[in-house]
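Asks: Sharing work.csv here; it has CSV, C-alpha atoms.
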chain,number,residue,atom,x,y,z
A,1107,MET,CA,22.1,-0.2,69.2
A,1108,SER,CA,20.0,-5.3,73.3
A,1109,GLY,CA,13.5,-7.9,83.0
A,1110,ILE,CA,11.2,-10.3,81.9
A,1111,ALA,CA,11.3,-13.8,83.2
A,1112,LEU,CA,8.1,-15.6,83.0
A,1113,ALA,CA,6.1,-17.5,85.3
A,1114,GLY,CA,4.8,-19.8,82.7
A,1115,ALA,CA,1.8,-21.0,84.5
A,1116,LEU,CA,-0.4,-18.0,84.0
A,1117,VAL,CA,-2.9,-18.2,81.1
A,1118,LEU,CA,-4.2,-14.8,80.1
A,1119,THR,CA,-7.8,-14.8,79.1
A,1120,GLY,CA,-8.2,-11.3,77.8
A,1121,CYS,CA,-11.3,-10.6,79.9
A,1122,GLY,CA,-10.8,-10.2,83.6
A,1123,GLY,CA,-12.1,-7.6,85.9
A,1124,LYS,CA,-12.9,-6.8,89.5
A,1125,ASP,CA,-14.8,-10.0,90.0
A,1126,ASP,CA,-12.1,-12.3,88.6
A,1127,GLY,CA,-9.0,-10.7,90.2
A,1128,PRO,CA,-6.4,-8.4,88.8
A,1129,ILE,CA,-5.6,-8.3,85.1
A,1130,THR,CA,-2.1,-9.7,84.3
A,1131,LEU,CA,0.0,-8.1,81.6
A,1132,ARG,CA,2.7,-10.2,80.0
A,1133,LEU,CA,5.8,-8.2,78.9
A,1134,VAL,CA,8.7,-9.7,76.9
A,1135,ALA,CA,11.8,-7.5,76.6
A,1136,ALA,CA,15.3,-7.8,75.2
A,1137,ASP,CA,18.3,-7.9,77.5
A,1138,TYR,CA,20.7,-5.0,77.3
A,1139,GLY,CA,23.0,-6.4,79.9
A,1140,GLU,CA,26.1,-8.5,79.4
A,1141,SER,CA,25.8,-10.6,82.6
A,1142,ALA,CA,23.3,-11.5,85.3
A,1143,GLU,CA,24.5,-8.5,87.3
A,1144,THR,CA,23.6,-6.0,84.5
A,1145,SER,CA,20.6,-7.8,83.0
A,1146,SER,CA,17.6,-5.7,82.0
A,1147,LYS,CA,15.5,-8.1,84.2
A,1148,LEU,CA,16.6,-6.1,87.2
A,1149,TYR,CA,15.2,-2.9,85.7
A,1150,TRP,CA,11.9,-4.4,84.5
A,1151,ASP,CA,11.2,-6.3,87.7
A,1152,ASP,CA,11.7,-3.2,89.8
A,1153,LEU,CA,9.5,-1.1,87.5
A,1154,ALA,CA,6.8,-3.8,87.4
A,1155,ARG,CA,6.6,-4.0,91.2
A,1156,ARG,CA,6.4,-0.3,91.6
A,1157,PHE,CA,3.7,-0.1,89.0
A,1158,GLU,CA,1.7,-2.9,90.7
A,1159,THR,CA,1.9,-1.0,94.0
A,1160,ALA,CA,0.4,2.1,92.4
A,1161,ASN,CA,-2.1,0.1,90.4
A,1162,PRO,CA,-3.3,-2.8,92.5
A,1163,GLY,CA,-5.8,-4.1,89.8
A,1164,ILE,CA,-3.0,-4.9,87.4
A,1165,LYS,CA,-0.2,-7.4,87.6
A,1166,VAL,CA,2.9,-7.5,85.3
A,1167,ASP,CA,4.7,-10.7,84.4
A,1168,VAL,CA,8.1,-9.9,82.9
A,1169,GLN,CA,10.3,-12.1,80.7
A,1170,VAL,CA,13.7,-10.9,79.5
A,1171,GLU,CA,15.4,-12.7,76.5
A,1172,SER,CA,18.7,-12.4,74.7
A,1173,TRP,CA,18.7,-10.5,71.4
A,1174,THR,CA,19.5,-13.8,69.6
A,1175,ASP,CA,16.5,-15.6,71.1
A,1176,ILE,CA,13.8,-13.1,71.6
A,1177,GLY,CA,12.3,-13.3,68.1
A,1178,LYS,CA,11.8,-17.0,68.2
A,1179,LYS,CA,10.5,-17.0,71.7
A,1180,VAL,CA,7.8,-14.4,70.8
A,1181,ASP,CA,6.9,-16.3,67.7
A,1182,ASP,CA,6.5,-19.5,69.8
A,1183,LEU,CA,4.3,-17.6,72.3
A,1184,VAL,CA,2.0,-16.3,69.6
A,1185,LYS,CA,1.7,-19.6,67.9
A,1186,SER,CA,0.8,-21.3,71.2
A,1187,GLY,CA,-2.0,-18.8,72.0
A,1188,LYS,CA,0.0,-17.1,74.7
A,1189,SER,CA,0.7,-13.8,73.0
A,1190,PRO,CA,2.4,-11.1,75.1
A,1191,ASP,CA,0.6,-7.9,75.8
A,1192,LEU,CA,3.8,-5.9,75.3
A,1193,LEU,CA,7.1,-6.6,73.5
A,1194,GLN,CA,10.2,-4.5,73.7
A,1195,THR,CA,12.8,-5.4,71.0
A,1196,GLY,CA,14.4,-4.2,67.8
A,1197,GLY,CA,11.6,-4.1,65.2
A,1198,PHE,CA,7.8,-4.0,64.9
A,1199,ALA,CA,6.7,-4.0,61.2
A,1200,ASP,CA,6.3,-7.8,60.9
A,1201,GLN,CA,3.9,-7.8,63.9
A,1202,ALA,CA,2.0,-4.8,62.5
A,1203,GLY,CA,1.9,-6.5,59.1
A,1204,ALA,CA,0.3,-9.5,60.7
A,1205,ASP,CA,-2.4,-7.2,62.2
A,1206,ARG,CA,-1.4,-8.2,65.8
A,1207,LEU,CA,-0.7,-4.7,67.2
A,1208,TYR,CA,-2.7,-1.8,68.6
A,1209,THR,CA,-1.7,1.5,67.0
A,1210,ALA,CA,0.4,3.8,69.2
A,1211,ALA,CA,-2.6,6.2,69.5
A,1212,ASP,CA,-4.6,3.3,71.0
A,1213,VAL,CA,-2.3,2.7,73.9
A,1214,LEU,CA,-0.5,6.0,74.5
A,1215,SER,CA,-1.9,9.0,76.4
A,1216,LEU,CA,-1.9,12.3,74.6
A,1217,GLU,CA,0.8,13.5,77.1
A,1218,THR,CA,3.0,10.5,76.3
A,1219,GLN,CA,2.5,10.9,72.6
A,1220,ALA,CA,3.5,14.5,72.7
A,1221,ASN,CA,6.6,13.8,74.7
A,1222,ILE,CA,8.1,11.3,72.3
A,1223,MET,CA,10.5,12.9,69.9
A,1224,GLU,CA,8.8,13.4,66.5
A,1225,SER,CA,11.6,11.8,64.3
A,1226,PHE,CA,11.3,8.6,66.2
A,1227,SER,CA,7.5,8.6,66.1
A,1228,HIS,CA,7.7,9.0,62.4
A,1229,ALA,CA,10.1,6.1,62.1
A,1230,GLY,CA,7.6,3.9,63.9
A,1231,GLN,CA,5.0,4.2,61.1
A,1232,VAL,CA,3.8,1.5,58.7
A,1233,LEU,CA,2.0,3.0,55.7
A,1234,GLY,CA,1.4,6.3,57.6
A,1235,THR,CA,0.1,4.7,60.9
A,1236,GLN,CA,2.3,4.5,63.9
A,1237,TYR,CA,2.6,1.0,65.5
A,1238,GLY,CA,6.2,1.1,66.8
A,1239,ILE,CA,6.6,3.0,70.0
A,1240,PRO,CA,10.3,4.1,70.3
A,1241,PHE,CA,11.9,3.0,73.6
A,1242,VAL,CA,15.6,3.9,73.4
A,1243,SER,CA,18.0,5.1,70.7
A,1244,SER,CA,21.7,5.2,70.0
A,1245,SER,CA,24.2,5.6,67.2
A,1246,ARG,CA,27.6,4.0,66.7
A,1247,VAL,CA,31.2,5.3,66.9
A,1248,LEU,CA,34.6,3.7,66.7
A,1249,PHE,CA,36.1,2.8,70.0
A,1250,TYR,CA,39.9,2.4,70.2
A,1251,ASN,CA,42.3,1.4,73.0
A,1252,LYS,CA,44.8,4.2,73.5
A,1253,ALA,CA,47.3,2.1,75.4
A,1254,ILE,CA,47.5,-0.4,72.5
A,1255,PHE,CA,47.8,2.4,70.0
A,1256,GLN,CA,50.7,3.8,71.9
A,1257,LYS,CA,52.5,0.4,72.1
A,1258,ALA,CA,52.0,0.0,68.3
A,1259,GLY,CA,53.2,3.5,67.5
A,1260,VAL,CA,49.8,4.6,66.1
A,1261,ASP,CA,49.6,8.3,66.9
A,1262,LYS,CA,45.9,9.0,66.1
A,1263,PRO,CA,42.6,7.2,65.5
A,1264,PRO,CA,41.8,6.3,61.9
A,1265,THR,CA,39.5,8.4,59.8
A,1266,THR,CA,39.6,6.3,56.6
A,1267,TRP,CA,39.7,2.6,55.8
A,1268,ASN,CA,43.3,2.7,54.8
A,1269,GLU,CA,44.3,4.4,58.0
A,1270,LEU,CA,42.4,1.7,59.9
A,1271,LYS,CA,44.2,-1.0,58.0
A,1272,GLN,CA,47.6,0.6,58.6
A,1273,ALA,CA,46.9,0.9,62.3
A,1274,ALA,CA,45.7,-2.7,62.5
A,1275,GLU,CA,48.9,-3.9,60.7
A,1276,LYS,CA,51.1,-2.1,63.3
A,1277,ILE,CA,49.1,-3.5,66.1
A,1278,LYS,CA,49.4,-7.0,64.8
A,1279,ALA,CA,53.2,-6.6,64.4
A,1280,LYS,CA,53.9,-5.0,67.7
A,1281,VAL,CA,51.2,-6.1,70.2
A,1282,PRO,CA,50.9,-9.9,70.0
A,1283,GLY,CA,47.8,-11.5,71.5
A,1284,VAL,CA,45.5,-8.6,70.5
A,1285,THR,CA,42.9,-8.6,67.8
A,1286,PRO,CA,43.5,-5.4,65.9
A,1287,TYR,CA,39.9,-4.9,64.7
A,1288,GLY,CA,36.8,-6.7,66.2
A,1289,LEU,CA,34.4,-7.6,63.4
A,1290,PRO,CA,31.2,-9.1,64.9
A,1291,LEU,CA,29.2,-10.4,61.9
A,1292,GLY,CA,27.5,-13.2,63.9
A,1293,PRO,CA,23.8,-13.2,64.5
A,1294,GLU,CA,23.7,-10.7,67.4
A,1295,GLU,CA,25.2,-7.7,65.5
A,1296,ALA,CA,25.4,-8.6,61.8
A,1297,PRO,CA,22.7,-6.1,60.6
A,1298,ALA,CA,24.4,-3.2,62.5
A,1299,GLU,CA,28.0,-4.0,61.6
A,1300,SER,CA,27.2,-4.7,58.0
A,1301,MET,CA,25.2,-1.5,57.6
A,1302,LEU,CA,27.9,0.5,59.3
A,1303,TRP,CA,30.4,-0.8,56.7
A,1304,THR,CA,28.1,-0.4,53.7
A,1305,LEU,CA,27.3,3.2,54.8
A,1306,SER,CA,31.0,4.0,55.2
A,1307,GLY,CA,31.6,2.6,51.7
A,1308,GLY,CA,29.0,4.8,50.1
A,1309,GLY,CA,26.2,2.3,50.0
A,1310,SER,CA,23.5,1.0,52.4
A,1311,LEU,CA,21.2,-2.0,52.9
A,1312,SER,CA,18.2,-0.1,51.4
A,1313,ASP,CA,17.6,3.2,49.6
A,1314,ASP,CA,15.7,6.3,50.7
A,1315,VAL,CA,12.4,4.9,49.5
A,1316,GLY,CA,12.8,1.5,51.1
A,1317,ASN,CA,14.0,-0.6,48.2
A,1318,TYR,CA,16.7,-3.2,49.3
A,1319,THR,CA,20.2,-2.6,47.9
A,1320,ILE,CA,22.0,-5.4,49.6
A,1321,ASP,CA,23.9,-6.5,46.5
A,1322,SER,CA,24.8,-3.1,45.1
A,1323,THR,CA,28.1,-2.5,43.5
A,1324,GLN,CA,29.2,-0.3,46.4
A,1325,ASN,CA,28.3,-3.1,48.9
A,1326,GLN,CA,30.1,-5.7,47.0
A,1327,ALA,CA,33.2,-3.5,46.9
A,1328,THR,CA,32.9,-2.9,50.6
A,1329,PHE,CA,32.9,-6.6,51.5
A,1330,ASN,CA,35.7,-7.3,49.1
A,1331,TRP,CA,37.8,-4.7,50.8
A,1332,LEU,CA,36.9,-6.2,54.2
A,1333,ARG,CA,37.7,-9.7,53.1
A,1334,THR,CA,41.0,-8.9,51.4
A,1335,ASN,CA,42.3,-6.2,53.7
A,1336,LEU,CA,41.2,-7.2,57.2
A,1337,VAL,CA,39.9,-10.8,57.4
A,1338,ALA,CA,42.3,-12.6,55.0
A,1339,THR,CA,45.3,-10.8,56.5
A,1340,GLY,CA,44.5,-11.9,60.0
A,1341,LEU,CA,43.7,-8.4,61.3
A,1342,THR,CA,40.3,-9.5,62.8
A,1343,TYR,CA,38.8,-12.7,64.0
A,1344,PRO,CA,39.3,-15.6,61.6
A,1345,GLU,CA,35.6,-16.3,61.3
A,1346,PRO,CA,33.7,-13.0,61.9
A,1347,GLY,CA,30.4,-14.6,60.9
A,1348,LYS,CA,30.6,-16.6,64.1
A,1349,MET,CA,31.5,-13.7,66.4
A,1350,ASN,CA,28.7,-12.0,68.3
A,1351,ARG,CA,28.7,-8.5,69.7
A,1352,THR,CA,28.8,-9.5,73.4
A,1353,PRO,CA,32.1,-11.5,73.4
A,1354,VAL,CA,33.7,-8.9,71.1
A,1355,PHE,CA,32.7,-6.1,73.5
A,1356,SER,CA,34.0,-8.2,76.4
A,1357,ASP,CA,37.3,-8.7,74.6
A,1358,PHE,CA,37.6,-4.9,74.1
A,1359,ALA,CA,36.8,-4.4,77.8
A,1360,ALA,CA,39.5,-6.9,78.7
A,1361,GLY,CA,42.2,-5.2,76.5
A,1362,LYS,CA,42.1,-8.0,73.9
A,1363,VAL,CA,40.7,-6.0,71.0
A,1364,ALA,CA,42.2,-2.7,69.8
A,1365,MET,CA,39.4,-1.2,67.7
A,1366,LEU,CA,35.7,-1.9,67.1
A,1367,ASN,CA,32.4,-0.2,66.2
A,1368,GLY,CA,30.4,0.2,69.4
A,1369,HIS,CA,27.3,1.7,70.9
A,1370,PRO,CA,27.0,3.5,74.3
A,1371,THR,CA,26.8,0.4,76.4
A,1372,LEU,CA,30.5,-0.2,75.7
A,1373,LEU,CA,31.3,3.0,77.6
A,1374,ARG,CA,30.3,1.3,80.9
A,1375,MET,CA,32.0,-2.0,80.0
A,1376,ALA,CA,35.3,-0.4,79.0
A,1377,ALA,CA,35.4,1.9,82.1
A,1378,LYS,CA,34.7,-1.1,84.3
A,1379,GLY,CA,37.6,-2.9,82.7
A,1380,LYS,CA,39.8,0.1,83.3
A,1381,ILE,CA,40.5,0.5,79.6
A,1382,ASP,CA,42.1,3.8,78.5
A,1383,PHE,CA,39.9,4.3,75.4
A,1384,GLY,CA,38.8,7.0,73.0
A,1385,THR,CA,35.9,7.3,70.5
A,1386,THR,CA,35.8,8.8,67.1
A,1387,ALA,CA,33.6,8.9,64.0
A,1388,ILE,CA,33.3,5.6,62.0
A,1389,PRO,CA,36.2,5.6,59.4
A,1390,LYS,CA,35.0,5.9,55.8
A,1391,LYS,CA,36.2,4.6,52.5
A,1392,ASP,CA,39.1,6.7,51.2
A,1393,GLY,CA,37.9,9.4,48.8
A,1394,LEU,CA,34.4,9.7,50.1
A,1395,ALA,CA,33.5,13.2,51.2
A,1396,LYS,CA,31.1,12.3,54.0
A,1397,THR,CA,29.0,9.4,55.1
A,1398,GLY,CA,26.2,9.0,57.6
A,1399,SER,CA,26.3,6.9,60.7
A,1400,LEU,CA,23.9,4.2,61.8
A,1401,GLY,CA,21.0,5.4,64.0
A,1402,VAL,CA,19.4,2.7,66.1
A,1403,ALA,CA,16.0,2.8,67.7
A,1404,ASP,CA,14.6,-0.1,69.7
A,1405,TRP,CA,10.9,-0.4,70.1
A,1406,MET,CA,7.9,-1.1,72.3
A,1407,MET,CA,4.7,-2.6,70.8
A,1408,ALA,CA,1.3,-3.5,72.2
A,1409,PHE,CA,-0.5,-6.7,71.1
A,1410,LYS,CA,-4.3,-6.8,70.7
A,1411,ALA,CA,-4.8,-10.5,71.4
A,1412,ASN,CA,-5.6,-10.3,75.1
A,1413,GLY,CA,-7.8,-7.1,74.9
A,1414,HIS,CA,-5.9,-5.2,77.6
A,1415,ARG,CA,-5.7,-1.8,75.9
A,1416,ASN,CA,-6.7,0.2,78.9
A,1417,GLU,CA,-4.2,-1.6,81.2
A,1418,ILE,CA,-1.5,-1.3,78.6
A,1419,ARG,CA,-2.1,2.4,78.4
A,1420,LYS,CA,-1.7,2.8,82.2
A,1421,PHE,CA,1.5,0.8,82.2
A,1422,LEU,CA,3.0,2.6,79.2
A,1423,SER,CA,2.3,6.0,80.9
A,1424,PHE,CA,4.4,4.7,83.8
A,1425,VAL,CA,7.1,3.3,81.6
A,1426,TYR,CA,7.6,6.5,79.7
A,1427,ALA,CA,7.6,8.8,82.8
A,1428,LYS,CA,10.8,10.8,82.8
A,1429,ASP,CA,12.4,9.2,85.9
A,1430,ASN,CA,11.8,5.7,84.6
A,1431,GLN,CA,13.2,6.5,81.2
A,1432,LEU,CA,16.3,8.2,82.7
A,1433,LYS,CA,16.9,5.2,84.9
A,1434,PHE,CA,17.0,2.8,82.0
A,1435,ASP,CA,19.0,5.1,79.7
A,1436,GLU,CA,21.6,5.9,82.4
A,1437,THR,CA,22.0,2.3,83.4
A,1438,TYR,CA,22.9,1.3,79.8
A,1439,ASN,CA,24.3,4.6,78.5
A,1440,LEU,CA,21.6,4.9,75.8
A,1441,LEU,CA,19.9,7.9,74.5
A,1442,PRO,CA,16.3,8.7,75.4
A,1443,VAL,CA,13.4,9.0,72.8
A,1444,THR,CA,11.3,11.2,75.1
A,1445,GLN,CA,11.9,15.0,75.0
A,1446,ASP,CA,12.0,15.6,78.8
A,1447,ALA,CA,14.5,12.7,79.4
A,1448,PHE,CA,16.6,13.8,76.4
A,1449,ASP,CA,16.8,17.4,77.7
A,1450,ALA,CA,17.8,16.1,81.2
A,1451,ILE,CA,20.6,14.0,79.8
A,1452,SER,CA,21.8,16.7,77.4
A,1453,LYS,CA,22.2,19.2,80.2
A,1454,ASP,CA,23.9,16.9,82.7
A,1455,PRO,CA,27.7,17.1,82.7
A,1456,LYS,CA,28.1,13.5,83.8
A,1457,HIS,CA,26.7,12.4,80.4
A,1458,GLU,CA,29.4,14.2,78.4
A,1459,ALA,CA,30.5,10.9,76.8
A,1460,LEU,CA,27.0,10.5,75.2
A,1461,LYS,CA,27.2,13.8,73.3
A,1462,GLN,CA,29.1,12.2,70.4
A,1463,PHE,CA,26.5,9.6,70.1
A,1464,ALA,CA,23.7,12.2,70.2
A,1465,ALA,CA,25.5,14.2,67.5
A,1466,GLY,CA,25.6,11.0,65.3
A,1467,LEU,CA,21.8,10.9,65.2
A,1468,GLY,CA,21.8,14.2,63.3
A,1469,ASN,CA,22.8,12.6,60.0
A,1470,ALA,CA,22.0,9.0,60.8
A,1471,SER,CA,20.5,6.3,58.6
A,1472,PHE,CA,18.1,3.9,60.0
A,1473,TYR,CA,17.0,0.3,59.2
A,1474,PRO,CA,13.8,0.1,57.1
A,1475,PHE,CA,11.8,-0.3,60.3
A,1476,GLY,CA,8.4,0.3,58.6
A,1477,ASP,CA,8.8,-2.5,56.1
A,1478,PRO,CA,7.1,-5.7,57.3
A,1479,ALA,CA,9.7,-7.7,55.5
A,1480,TRP,CA,12.6,-6.2,57.5
A,1481,VAL,CA,12.5,-8.7,60.4
A,1482,GLU,CA,12.8,-11.7,58.0
A,1483,VAL,CA,15.4,-9.9,56.0
A,1484,SER,CA,17.3,-9.0,59.1
A,1485,ASN,CA,17.2,-12.6,60.2
A,1486,ARG,CA,18.7,-13.7,56.9
A,1487,ILE,CA,21.4,-11.1,57.2
A,1488,LYS,CA,22.1,-12.4,60.8
A,1489,ALA,CA,22.4,-15.9,59.5
A,1490,GLY,CA,24.4,-15.3,56.3
A,1491,ILE,CA,26.1,-12.1,55.7
A,1492,GLY,CA,29.2,-13.1,57.6
A,1493,ALA,CA,30.1,-15.3,54.7
A,1494,ALA,CA,30.6,-12.2,52.5
A,1495,ALA,CA,33.7,-11.4,54.6
A,1496,THR,CA,35.4,-14.8,54.1
A,1497,ALA,CA,34.4,-15.7,50.5
A,1498,ASP,CA,33.4,-14.0,47.3
A,1499,PRO,CA,30.8,-11.6,48.5
A,1500,LYS,CA,28.9,-11.3,45.2
A,1501,PRO,CA,26.8,-14.6,45.4
A,1502,VAL,CA,26.3,-14.1,49.2
A,1503,LEU,CA,24.9,-10.6,48.8
A,1504,GLU,CA,22.9,-11.5,45.7
A,1505,ASP,CA,21.2,-14.4,47.5
A,1506,LEU,CA,20.3,-12.0,50.4
A,1507,GLN,CA,19.0,-9.4,48.0
A,1508,GLN,CA,16.8,-12.0,46.2
A,1509,THR,CA,15.4,-13.1,49.5
A,1510,ALA,CA,14.7,-9.5,50.6
A,1511,VAL,CA,12.9,-8.6,47.3
A,1512,LYS,CA,10.7,-11.8,47.4
A,1513,GLU,CA,9.8,-11.3,51.0
A,1514,ALA,CA,9.0,-7.6,50.5
A,1515,ALA,CA,6.8,-8.5,47.5
A,1516,ARG,CA,5.0,-11.2,49.4
A,1517,LEU,CA,4.1,-9.0,52.3
A,1518,ARG,CA,3.1,-6.0,50.2
A,1519,LYS,CA,0.4,-8.0,48.2
Translate this file's structure into structure tokens.

Replies:
Amino acid sequence: MSGIALAGALVLTGCGGKDDGPITLRLVAADYGESAETSSKLYWDDLARRFETANPGIKVDVQVESWTDIGKKVDDLVKSGKSPDLLQTGGFADQAGADRLYTAADVLSLETQANIMESFSHAGQVLGTQYGIPFVSSSRVLFYNKAIFQKAGVDKPPTTWNELKQAAEKIKAKVPGVTPYGLPLGPEEAPAESMLWTLSGGGSLSDDVGNYTIDSTQNQATFNWLRTNLVATGLTYPEPGKMNRTPVFSDFAAGKVAMLNGHPTLLRMAAKGKIDFGTTAIPKKDGLAKTGSLGVADWMMAFKANGHRNEIRKFLSFVYAKDNQLKFDETYNLLPVTQDAFDAISKDPKHEALKQFAAGLGNASFYPFGDPAWVEVSNRIKAGIGAAATADPKPVLEDLQQTAVKEAARLRK
């Protein structure tokens, strides 16, 4: 809301200087691409080489990992004494809670700090101190295949759950071989997809002050509706808990899925697949006046273990330069978190398709990024919430809620 490949032989000592050769920074980043040709490794390798040319005393080793693997890979590096210097991924509070991170003020120049949009800087705080450095942002909208809609006799995109169900039923009856609604509740997308559905049902995964509400009455009703109206009736994949975002996006780009909730990267994929598609706001539960969308921010964080604060500061000034930010955002159709890059994209007619996503950030709800328990809670959601769409959701959601409360209490002691 998704290059770093690593020469594993280098051992970072945390000292280094002119007498012992260049300092080496280790960067681990999430992959926003869907294939080797679109992998984020291409972006990061190019950026690292350009930075090294401008800063001959600093080397950058880059390792890009999939969203499903990156958390474990970083944990393994930390446990083995090979902590990265920089990590770009979906959360930061667990690392801040373990006292592994520099503050943002430690590693960002005043110019870079001032250029990062304030709402995202605030979202990067833990107990009033910013550790998470926003890297990219996006929101979600409903994508729909116009050609499939036409074949099925669906004349407009759905705005409510019942309209979505009715459209899906027509598609199932009249367009065989197509999955009417793509529901990715597998590990890659479960937190986002489940939060989108809970928000559109009048609930959320947590409240405004950070208390988890996973098993709320509204959320139980939402998953009951999903189970009985979409999954059990064959209007989505038979086992949504095993479906990840990447194959579902690929199915949409191949004309095999009629509707799904998607982020801006799907714009490029669908266009490449020559899909005649449209986008609209996420459908909401019938009778609800208005619901917010999911706002997603992905993060950069700097680790203290190797003592490379000054080198990290130089590298991050390069990373957050307008042209480098624009290159990444334009490659993956994402929204910038720096003001100069956001202004540039907002004024460029070629980015007209991103305006709906940008508008969605205005009333968006975010994950509880600042809660150190969120990473573990998110991992549990990834592993288990799919079961709430195929069986009685009450015990599934209650178990996740109990885990979240216990983990939050443990980390807040």

Asks: Skip segment 1308-1310 of chain A itself and residues of its chain fewer than 4 positions away, then list as an mmCIF file with C-alpha atoms, in the coordinates of the input all residues within 10 Å of it, counting all atoms listed in the file.

Replies:
data_model
loop_
_atom_site.group_PDB
_atom_site.id
_atom_site.type_symbol
_atom_site.label_atom_id
_atom_site.label_comp_id
_atom_site.auth_asym_id
_atom_site.auth_seq_id
_atom_site.Cartn_x
_atom_site.Cartn_y
_atom_site.Cartn_z
ATOM 1 C CA SER A 1300 27.200 -4.700 58.000
ATOM 2 C CA MET A 1301 25.200 -1.500 57.600
ATOM 3 C CA LEU A 1302 27.900 0.500 59.300
ATOM 4 C CA TRP A 1303 30.400 -0.800 56.700
ATOM 5 C CA THR A 1304 28.100 -0.400 53.700
ATOM 6 C CA ASP A 1314 15.700 6.300 50.700
ATOM 7 C CA TYR A 1318 16.700 -3.200 49.300
ATOM 8 C CA THR A 1319 20.200 -2.600 47.900
ATOM 9 C CA ILE A 1320 22.000 -5.400 49.600
ATOM 10 C CA ASP A 1321 23.900 -6.500 46.500
ATOM 11 C CA SER A 1322 24.800 -3.100 45.100
ATOM 12 C CA THR A 1323 28.100 -2.500 43.500
ATOM 13 C CA GLN A 1324 29.200 -0.300 46.400
ATOM 14 C CA ASN A 1325 28.300 -3.100 48.900
ATOM 15 C CA GLN A 1326 30.100 -5.700 47.000
ATOM 16 C CA ALA A 1327 33.200 -3.500 46.900
ATOM 17 C CA THR A 1328 32.900 -2.900 50.600
ATOM 18 C CA LYS A 1390 35.000 5.900 55.800
ATOM 19 C CA LYS A 1391 36.200 4.600 52.500
ATOM 20 C CA LEU A 1394 34.400 9.700 50.100
ATOM 21 C CA ALA A 1395 33.500 13.200 51.200
ATOM 22 C CA LYS A 1396 31.100 12.300 54.000
ATOM 23 C CA THR A 1397 29.000 9.400 55.100
ATOM 24 C CA GLY A 1398 26.200 9.000 57.600
ATOM 25 C CA LEU A 1400 23.900 4.200 61.800
ATOM 26 C CA SER A 1471 20.500 6.300 58.600
ATOM 27 C CA PHE A 1472 18.100 3.900 60.000
ATOM 28 C CA TYR A 1473 17.000 0.300 59.200
#

Asks: Given only C-alpha atoms as the basis, pick out the residue of A:Pro1442, A:Gly1259, A:Pro1478, A:Pro1501 nearest to Gln1201 of chain A.

Replies: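 Using only C-alpha atoms, the shortest distance to Gln1201 of chain A belongs to A:Pro1478.
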
Asks: Excluding same-chain residues fewer than 3 positions from Ala1494 of chain A, what lies within 10 Å of it counting only C-alpha atoms, as a PyMOL selection string?

Replies: chain A and resi 1291+1300+1326+1328-1330+1332-1333+1346-1347+1490-1491+1497-1503

Asks: Point out the residue among A:Lys1278, A:Gly1234, A:Ala1220, A:Phe1424 with the least atom-to-atom distance to Lys1362 of chain A, counting only C-alpha atoms.

Replies: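 The shortest atom-to-atom distance to Lys1362 of chain A comes from A:Lys1278.
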
Asks: List every protein, DNA or RNA residue that has an atom no more than 10 Å from (21.1, -15.5, 61.8) in the file's coordinate frame, counting only C-alpha atoms, and report them as number ranges by chain.

Replies: A: 1174, 1291-1297, 1347-1348, 1482-1492

Asks: So that I can check the surroundings of segment 1198-1200 of chain A, please list as a VMD selection string every protein, DNA and RNA residue that reaches within 10 Å of it, counting all atoms listed in the file and ignoring chain neighbours fewer than 2 positions away.

Replies: chain A and resid 1193 to 1196 1202 to 1207 1230 to 1232 1236 to 1239 1404 to 1408 1474 to 1482 1517

Asks: May I ask for the distance between atom CA of Leu1373 of chain A and atom CA of Asn1439 of chain A, given in Å to one decimal place?

Replies: 7.2 Å

Asks: Within 9 Å of Val1425 of chain A, counting only C-alpha atoms, which residues show up once you throw out same-chain ones fewer than 6 positions away? Write them as a list in words, please.

Replies: Leu1153, Phe1157 and Gln1431 of chain A

Asks: How many Å lie between atom CA of Lys1178 of chain A and atom CA of Ala1411 of chain A, rounded to one decimal?

Replies: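 Rounded to one decimal, the two atoms are 18.1 Å apart.
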
Asks: When you draw a straight line from atom CA of Gln1507 of chain A to atom CA of His1228 of chain A, how long is it in Å?

Replies: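 Answer for the atom CA of Gln1507 of chain A to atom CA of His1228 of chain A separation: 26.0 Å.
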
Asks: In terms of the shortest atom-to-atom distance over only C-alpha atoms, which of A:Val1170, A:Ala1515, A:Ala1376, A:Leu1214 is closest to Leu1133 of chain A?

Replies: A:Val1170

Asks: Any idea what's packed within 12 Å of Lys1252 of chain A, counting only C-alpha atoms, ignoring anything in its chain fewer than 4 positions away? Could you give it as a PyMOL selection string?

Replies: chain A and resi 1256-1263+1273+1277+1358+1361+1363-1365+1376+1380-1386

Asks: Find, counting only C-alpha atoms, the residue in A:Phe1355, A:Phe1249, A:Phe1448, A:Phe1255 that gets nearest to Asp1429 of chain A.

Replies: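 Smallest distance to Asp1429 of chain A is found for A:Phe1448.
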
Asks: Smallest atom-to-atom distance to Glu1275 of chain A: which of A:Asn1317, A:Ser1225, A:Ser1243, A:Thr1342, using all atoms listed in the file?

Replies: A:Thr1342

Asks: With all atoms listed in the file as the atoms that count, which of A:Leu1305, A:Ala1514, A:Leu1248, A:Ala1135 lies nearest to Ala1470 of chain A?

Replies: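 Closest residue, counting all atoms listed in the file: A:Leu1305.
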